[in-house]
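What follows is a set of notes on a single structure, which appears directly below.
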Amino acid sequence: MTVTGQIAEIEPNGFTVFVPFVDVGYLVKKQVSSVGVSIDDGRTINREQQKKIYATLGDMKLFTGHEVEELKDILKCEYVAATGEPWFSLSSCTVTTASAFLQFIIERCIELDIPTSDNPIERAPDISRYLYCCLVYKVCAICGKKSGLHHYDRIGMGRNRKEVLHLGMKAQSLCWGHHKECHNIGQTEFDKLYHIYGIRLDEHLCGIWKLKGRATHGTVQAKEMP
């Protein structure tokens, strides 16, 4: 749910926002105690964002056979439905909306195994979300091939990986070739070369990879991506 308000007061270390909201009982019922604030500074989508969005839509066209304009409308509908954001135009939306939409369609490419003309990490506005998404769908963060789990944090010789508590450990989603390259040149050089880093495993990822995610309950069950 997205609601709009106005900045009521600006202080040295923050600001207060007033949001008109009729159904306050909903907030009490759902025990809502925190909210996120998206700041619209008036900036509109820039040329670089448009270039990356349409390049990604072009890749999707080659894979699906649908025209770019058709794909754009379908994905905008999916994005609005998923986020609750109002309808927008790719010619005049804010940089924030453009960034979020670009991230959304890149993650759809990963989910649907749609190849792109260059590495999606070069287009993704949020690298952490991209790397997390690669772990969710088990694709290599470098080349997009099917991947395995690369343990960023060393487990140690002789330990049973199925019994090790993975919750909070760092990992990367890498194909066999890039996994091998990482071991050959070392983690630090590998990360520097490809501009990636380890992502901490939460219960969702532990469930997907069938890893021990709780100290007393063994492996956790996989669930849908939030």
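Ordering of the structure tokens sets the chain letters (A, B, ...), residue numbers begin anew at 1 in every chain, and ligands are numbered from 1 in the order given.
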
Can you list, as a PyMOL selection string, every residue of chain A that DSSP puts in alpha helix (DSSP H)? chain A and resi 24-29+47-64+68-83+95-111+127-137+176-185+187-194+203-208

So that I have them on file, write out the residues from the current selection with C-alpha atoms, as an mmCIF file, in the first residue's frame.
data_model
loop_
_atom_site.group_PDB
_atom_site.id
_atom_site.type_symbol
_atom_site.label_atom_id
_atom_site.label_comp_id
_atom_site.auth_asym_id
_atom_site.auth_seq_id
_atom_site.Cartn_x
_atom_site.Cartn_y
_atom_site.Cartn_z
ATOM 1 C CA VAL A 24 -6.577 4.400 11.121
ATOM 2 C CA GLY A 25 -8.218 1.289 12.571
ATOM 3 C CA TYR A 26 -6.385 -0.674 9.887
ATOM 4 C CA LEU A 27 -3.067 0.519 11.283
ATOM 5 C CA VAL A 28 -4.077 -0.540 14.797
ATOM 6 C CA LYS A 29 -5.369 -3.921 13.622
ATOM 7 C CA ARG A 47 18.617 9.214 -20.503
ATOM 8 C CA GLU A 48 20.802 6.508 -18.951
ATOM 9 C CA GLN A 49 17.811 4.971 -17.166
ATOM 10 C CA GLN A 50 15.723 5.037 -20.335
ATOM 11 C CA LYS A 51 18.563 3.417 -22.266
ATOM 12 C CA LYS A 52 18.874 0.552 -19.768
ATOM 13 C CA ILE A 53 15.110 0.015 -19.535
ATOM 14 C CA TYR A 54 14.615 -0.163 -23.297
ATOM 15 C CA ALA A 55 17.696 -2.346 -23.740
ATOM 16 C CA THR A 56 16.191 -4.815 -21.261
ATOM 17 C CA LEU A 57 12.796 -4.642 -22.970
ATOM 18 C CA GLY A 58 14.590 -5.297 -26.274
ATOM 19 C CA ASP A 59 16.190 -8.423 -24.829
ATOM 20 C CA MET A 60 12.779 -9.583 -23.648
ATOM 21 C CA LYS A 61 11.361 -8.967 -27.131
ATOM 22 C CA LEU A 62 13.988 -11.228 -28.716
ATOM 23 C CA PHE A 63 13.161 -13.979 -26.211
ATOM 24 C CA THR A 64 9.346 -13.724 -26.171
ATOM 25 C CA VAL A 68 8.565 -3.650 -26.905
ATOM 26 C CA GLU A 69 5.488 -1.448 -26.418
ATOM 27 C CA GLU A 70 3.387 -4.493 -25.548
ATOM 28 C CA LEU A 71 5.981 -5.736 -23.066
ATOM 29 C CA LYS A 72 6.286 -2.273 -21.551
ATOM 30 C CA ASP A 73 2.550 -2.073 -20.834
ATOM 31 C CA ILE A 74 2.404 -5.627 -19.444
ATOM 32 C CA LEU A 75 5.366 -5.069 -17.130
ATOM 33 C CA LYS A 76 4.119 -1.671 -16.005
ATOM 34 C CA CYS A 77 0.809 -3.334 -15.045
ATOM 35 C CA GLU A 78 2.694 -6.040 -13.121
ATOM 36 C CA TYR A 79 4.869 -3.444 -11.378
ATOM 37 C CA VAL A 80 1.917 -1.264 -10.350
ATOM 38 C CA ALA A 81 0.028 -4.320 -9.082
ATOM 39 C CA ALA A 82 3.029 -5.543 -7.097
ATOM 40 C CA THR A 83 4.008 -2.213 -5.545
ATOM 41 C CA VAL A 95 14.212 8.874 -11.203
ATOM 42 C CA THR A 96 13.076 6.841 -8.193
ATOM 43 C CA THR A 97 10.247 5.175 -10.126
ATOM 44 C CA ALA A 98 12.497 4.596 -13.132
ATOM 45 C CA SER A 99 15.126 2.944 -10.930
ATOM 46 C CA ALA A 100 12.574 0.706 -9.202
ATOM 47 C CA PHE A 101 10.960 -0.304 -12.513
ATOM 48 C CA LEU A 102 14.336 -1.102 -14.065
ATOM 49 C CA GLN A 103 15.194 -3.294 -11.097
ATOM 50 C CA PHE A 104 11.785 -4.983 -11.405
ATOM 51 C CA ILE A 105 12.183 -5.941 -15.076
ATOM 52 C CA ILE A 106 15.763 -7.127 -14.559
ATOM 53 C CA GLU A 107 14.531 -9.448 -11.812
ATOM 54 C CA ARG A 108 11.766 -10.688 -14.142
ATOM 55 C CA CYS A 109 14.465 -11.578 -16.679
ATOM 56 C CA ILE A 110 16.294 -13.577 -14.029
ATOM 57 C CA GLU A 111 13.094 -15.280 -12.891
ATOM 58 C CA ILE A 127 23.378 -4.574 -6.840
ATOM 59 C CA SER A 128 22.455 -6.219 -3.531
ATOM 60 C CA ARG A 129 18.937 -6.995 -4.784
ATOM 61 C CA TYR A 130 20.375 -8.334 -8.028
ATOM 62 C CA LEU A 131 22.785 -10.654 -6.219
ATOM 63 C CA TYR A 132 20.013 -11.773 -3.865
ATOM 64 C CA CYS A 133 17.718 -12.487 -6.821
ATOM 65 C CA CYS A 134 20.423 -14.605 -8.472
ATOM 66 C CA LEU A 135 20.567 -16.695 -5.286
ATOM 67 C CA VAL A 136 16.770 -17.041 -5.277
ATOM 68 C CA TYR A 137 16.573 -18.321 -8.858
ATOM 69 C CA TRP A 176 30.892 -24.007 -12.118
ATOM 70 C CA GLY A 177 33.222 -22.034 -14.399
ATOM 71 C CA HIS A 178 33.105 -18.852 -12.352
ATOM 72 C CA HIS A 179 33.196 -20.829 -9.118
ATOM 73 C CA LYS A 180 36.440 -22.401 -10.292
ATOM 74 C CA GLU A 181 37.812 -19.036 -11.402
ATOM 75 C CA CYS A 182 37.070 -17.599 -7.973
ATOM 76 C CA HIS A 183 39.103 -20.328 -6.300
ATOM 77 C CA ASN A 184 41.931 -19.885 -8.810
ATOM 78 C CA ILE A 185 42.407 -16.128 -8.415
ATOM 79 C CA GLN A 187 37.915 -14.162 -3.513
ATOM 80 C CA THR A 188 39.252 -10.606 -3.205
ATOM 81 C CA GLU A 189 40.485 -10.418 -6.796
ATOM 82 C CA PHE A 190 37.355 -12.141 -8.088
ATOM 83 C CA ASP A 191 35.065 -9.645 -6.369
ATOM 84 C CA LYS A 192 37.157 -6.754 -7.649
ATOM 85 C CA LEU A 193 37.116 -8.128 -11.205
ATOM 86 C CA TYR A 194 33.345 -8.616 -11.412
ATOM 87 C CA GLU A 203 15.784 -18.087 6.147
ATOM 88 C CA HIS A 204 14.256 -17.654 2.694
ATOM 89 C CA LEU A 205 17.544 -18.426 0.937
ATOM 90 C CA CYS A 206 18.348 -21.255 3.340
ATOM 91 C CA GLY A 207 15.006 -22.793 2.443
ATOM 92 C CA ILE A 208 15.631 -22.490 -1.290
#

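If you look at atom CA of A:Gly84 and atom CA of A:Pro20, they are 17.0 Å away from each other.
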
Run DSSP on the backbone and tell me which residues of stretch 4-226 of chain A come out as strand (DSSP E or B); list them as an MDAnalysis selection string. chainID A and resid 6:11 14:18 44 94 139 146 148:151 165 170:174 199:200 212:214 218:219

Taking only residues of stretch 39-136 of chain A that have an atom at most 9 Å from an atom of stretch 143-148 of chain A, what is each one's shortest atom pair and its distance in Å to one decimal, using only C-alpha atoms, in chain and number order, as CSV?
residue,atom,partner,partner_atom,distance
A:Ile110,CA,A:Gly144,CA,7.8
A:Asp113,CA,A:Gly144,CA,8.0
A:Ile114,CA,A:Gly144,CA,8.9
A:Pro115,CA,A:Gly144,CA,7.3
A:Thr116,CA,A:Gly144,CA,8.7
A:Asp118,CA,A:Cys143,CA,8.8
A:Asn119,CA,A:Cys143,CA,6.6
A:Pro120,CA,A:Gly144,CA,8.6
A:Cys134,CA,A:Gly144,CA,8.3
A:Leu135,CA,A:Ser147,CA,8.5

Name the closest residue to A:Leu112 among the candidates A:Gln6, A:Ala171, A:Asp153, A:Val139; distances are taken between atoms, counting only C-alpha atoms.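 With only C-alpha atoms as the atom set, the closest residue is A:Val139.
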
Nearest residue to A:His150 out of A:Leu201, A:Ile121, A:Val19, A:Ile10, using only C-alpha atoms?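 For A:His150, the nearest of the given residues is A:Leu201.
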
Can you measure atom CA of A:Val32 to atom CA of A:Thr16 for me? One decimal in Å is fine.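 Between atom CA of A:Val32 and atom CA of A:Thr16 the gap is 17.2 Å.
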
Separation of atom CA of A:Gln172 from atom CA of A:Asp202 in Å: 13.0 Å

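Distance check against A:Gly198 using only C-alpha atoms: of A:Ser34, A:Ser173, A:Asn13, A:Thr94, the minimum falls on A:Ser173.
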